[in-house]
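> Could you have a look at this structure, given as structure tokens, before my questions?
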Amino acid sequence: MNPCILLVGGSSEIAIECALIWTRIYKDITIVLIGRDLANLKNSENTLFNNNIDIKVISIALDCMDIEQIKEIAVDISNNYSIKKILFAIGKMDSDNTVKGDKDILEINGISPIIFSQTFIPYLNKETHLIFLSSVASERGRKSNFLYGAGKSMLSTYAEGLQHKYHKKRIYTTLIKLGPTKTSMFY
């Protein structure tokens, strides 16, 4: 079965940089970009093609809160590929200061990657590596971004628990808590 790497948050600049590195390491790898906006995913696809012409890229736009849609994708991908890594590079920092905007911040940064991961786990092979990008903002509440930090704190706690639960089953988990990083999300 052909190997693949899933990038959840596939239009993230960090996710694309990771993909560029991994395509140099893994031969004949398929990169699956997953995100909310197909146009942004297509831009990421173009970046990958401009840097490495020997890869296959698939873009999938979906609602990462839609369990049935995620399950359909999990079944389809696991039937056609051996999933090597899933990078969760989902993030949104700014709210529009409404209750709905606040809910979106919590869903995007915490709940959606957890739902996605939990839905995918039954379809993973041994040796799959789950990588969660969290933030140092998860360590303590700050006036300027406490909702972002709360969502990332939820994700960090989940990733730590997942590591304990699945390490004997050889599904590996890495949690990376990023600080201020020169990307369009932060600068």
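Letters A, B, ... go to the chains of the structure tokens in the order shown; residues in each chain start at 1; ligands are counted from 1 in the same order.
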Got a sec: who's within 7 Å of A:Pro3, counting only C-alpha atoms, leaving out chain neighbours fewer than 2 positions off, as a list in words?

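Listed by chain and then number, they are Met1, Ile29, Thr30, Tyr81, Ser82, Ile83 and Lys84 of chain A.
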
> Output C-alpha atoms for every residue in that selection, as a CSV table (one decimal), in the first residue's frame.


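Full text of result-v5.csv as output:
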chain,number,residue,atom,x,y,z
A,1,MET,CA,0.0,0.0,0.0
A,29,ILE,CA,4.8,9.6,-0.6
A,30,THR,CA,1.4,11.1,-1.1
A,81,TYR,CA,-2.9,4.3,1.7
A,82,SER,CA,-0.7,3.5,4.6
A,83,ILE,CA,-0.8,6.5,6.9
A,84,LYS,CA,2.7,7.3,8.1

> Got a sec to tell me which of stretch 41-163 of chain A DSSP assigns to strand (DSSP E or B), as a list in words?

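Strand (DSSP E or B) members of stretch 41-163 of chain A, listed: Lys56, Val57, Ile58, Ser59, Ile60, Ala61, Tyr81, Ser82, Ile83, Lys84, Lys85, Ile86, Leu87, Phe88, His129, Leu130, Ile131, Phe132, Leu133, Ser134 and Ser135 of chain A.
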
> Counting only C-alpha atoms, what is within 12 Å of A:Ile16, bar same-chain residues fewer than 2 positions away, as a VMD selection string?

chain A and resid 5 to 14 18 to 23 31 to 34 40 to 52 57 87 to 89 183

> Could you state the separation of atom CA of A:Tyr158 and atom CA of A:Ile70 in Å, given to one decimal place?

18.6 Å

> Write out as a list in words which residues come within 12 Å of A:Asp102 when counting only C-alpha atoms, dropping same-chain ones fewer than 6 positions away.

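Everything that qualifies: Lys92, Met93, Asp94, Ser95, Asp96, Ile108, Asn109, Asn145, Phe146, Leu147, Tyr148, Gly149, Ala150 and Gly151 of chain A.
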
> With C-alpha atoms retained, could you export that selection as a PDB file, in the first residue's frame?


ATOM      1  CA  LYS A  92      -6.838  30.470  14.630  1.00  0.00           C
ATOM      2  CA  MET A  93      -5.847  33.216  17.011  1.00  0.00           C
ATOM      3  CA  ASP A  94      -8.231  36.134  16.504  1.00  0.00           C
ATOM      4  CA  SER A  95     -11.876  36.247  17.503  1.00  0.00           C
ATOM      5  CA  ASP A  96     -14.425  38.770  16.285  1.00  0.00           C
ATOM      6  CA  ILE A 108     -10.657  25.284  15.734  1.00  0.00           C
ATOM      7  CA  ASN A 109      -7.790  25.151  18.241  1.00  0.00           C
ATOM      8  CA  ASN A 145      -5.278  35.452  23.697  1.00  0.00           C
ATOM      9  CA  PHE A 146      -6.782  33.460  26.551  1.00  0.00           C
ATOM     10  CA  LEU A 147      -9.375  31.724  24.345  1.00  0.00           C
ATOM     11  CA  TYR A 148      -6.672  30.640  21.899  1.00  0.00           C
ATOM     12  CA  GLY A 149      -4.634  29.421  24.880  1.00  0.00           C
ATOM     13  CA  ALA A 150      -7.634  27.571  26.329  1.00  0.00           C
ATOM     14  CA  GLY A 151      -8.197  25.725  23.044  1.00  0.00           C
TER      15      GLY A 151
END

> Identify, with DSSP run on backbone atoms, the residues in stretch 25-161 of chain A assigned to alpha helix (DSSP H), and express the list as number ranges by chain.

A: 25, 38-51, 67-80, 99-106, 112-120, 146-161

> Residues of stretch 66-125 of chain A that have any atom at most 9 Å from an atom of stretch 165-171 of chain A: could you tabulate them with the shortest-distance atom pair and the distance in Å to one decimal, using only C-alpha atoms, ordered by chain and increasing number, as JSON lines?


{"residue": "A:Ile121", "atom": "CA", "partner": "A:Ile171", "partner_atom": "CA", "distance": 8.8}
{"residue": "A:Leu124", "atom": "CA", "partner": "A:Ile171", "partner_atom": "CA", "distance": 7.9}
{"residue": "A:Asn125", "atom": "CA", "partner": "A:Ile171", "partner_atom": "CA", "distance": 7.5}

> Please produce an output containing N, CA and C atoms for each residue in the selection, written as an mmCIF file, in the first residue's frame.


data_model
loop_
_atom_site.group_PDB
_atom_site.id
_atom_site.type_symbol
_atom_site.label_atom_id
_atom_site.label_comp_id
_atom_site.auth_asym_id
_atom_site.auth_seq_id
_atom_site.Cartn_x
_atom_site.Cartn_y
_atom_site.Cartn_z
ATOM 1 N N ILE A 121 -8.316 7.342 14.587
ATOM 2 C CA ILE A 121 -7.515 6.346 15.309
ATOM 3 C C ILE A 121 -7.870 4.894 14.965
ATOM 4 N N LEU A 124 -5.892 3.609 11.852
ATOM 5 C CA LEU A 124 -4.440 3.784 11.760
ATOM 6 C C LEU A 124 -3.712 2.460 11.870
ATOM 7 N N ASN A 125 -2.551 2.405 11.221
ATOM 8 C CA ASN A 125 -1.658 1.258 11.317
ATOM 9 C C ASN A 125 -0.722 1.462 12.497
#
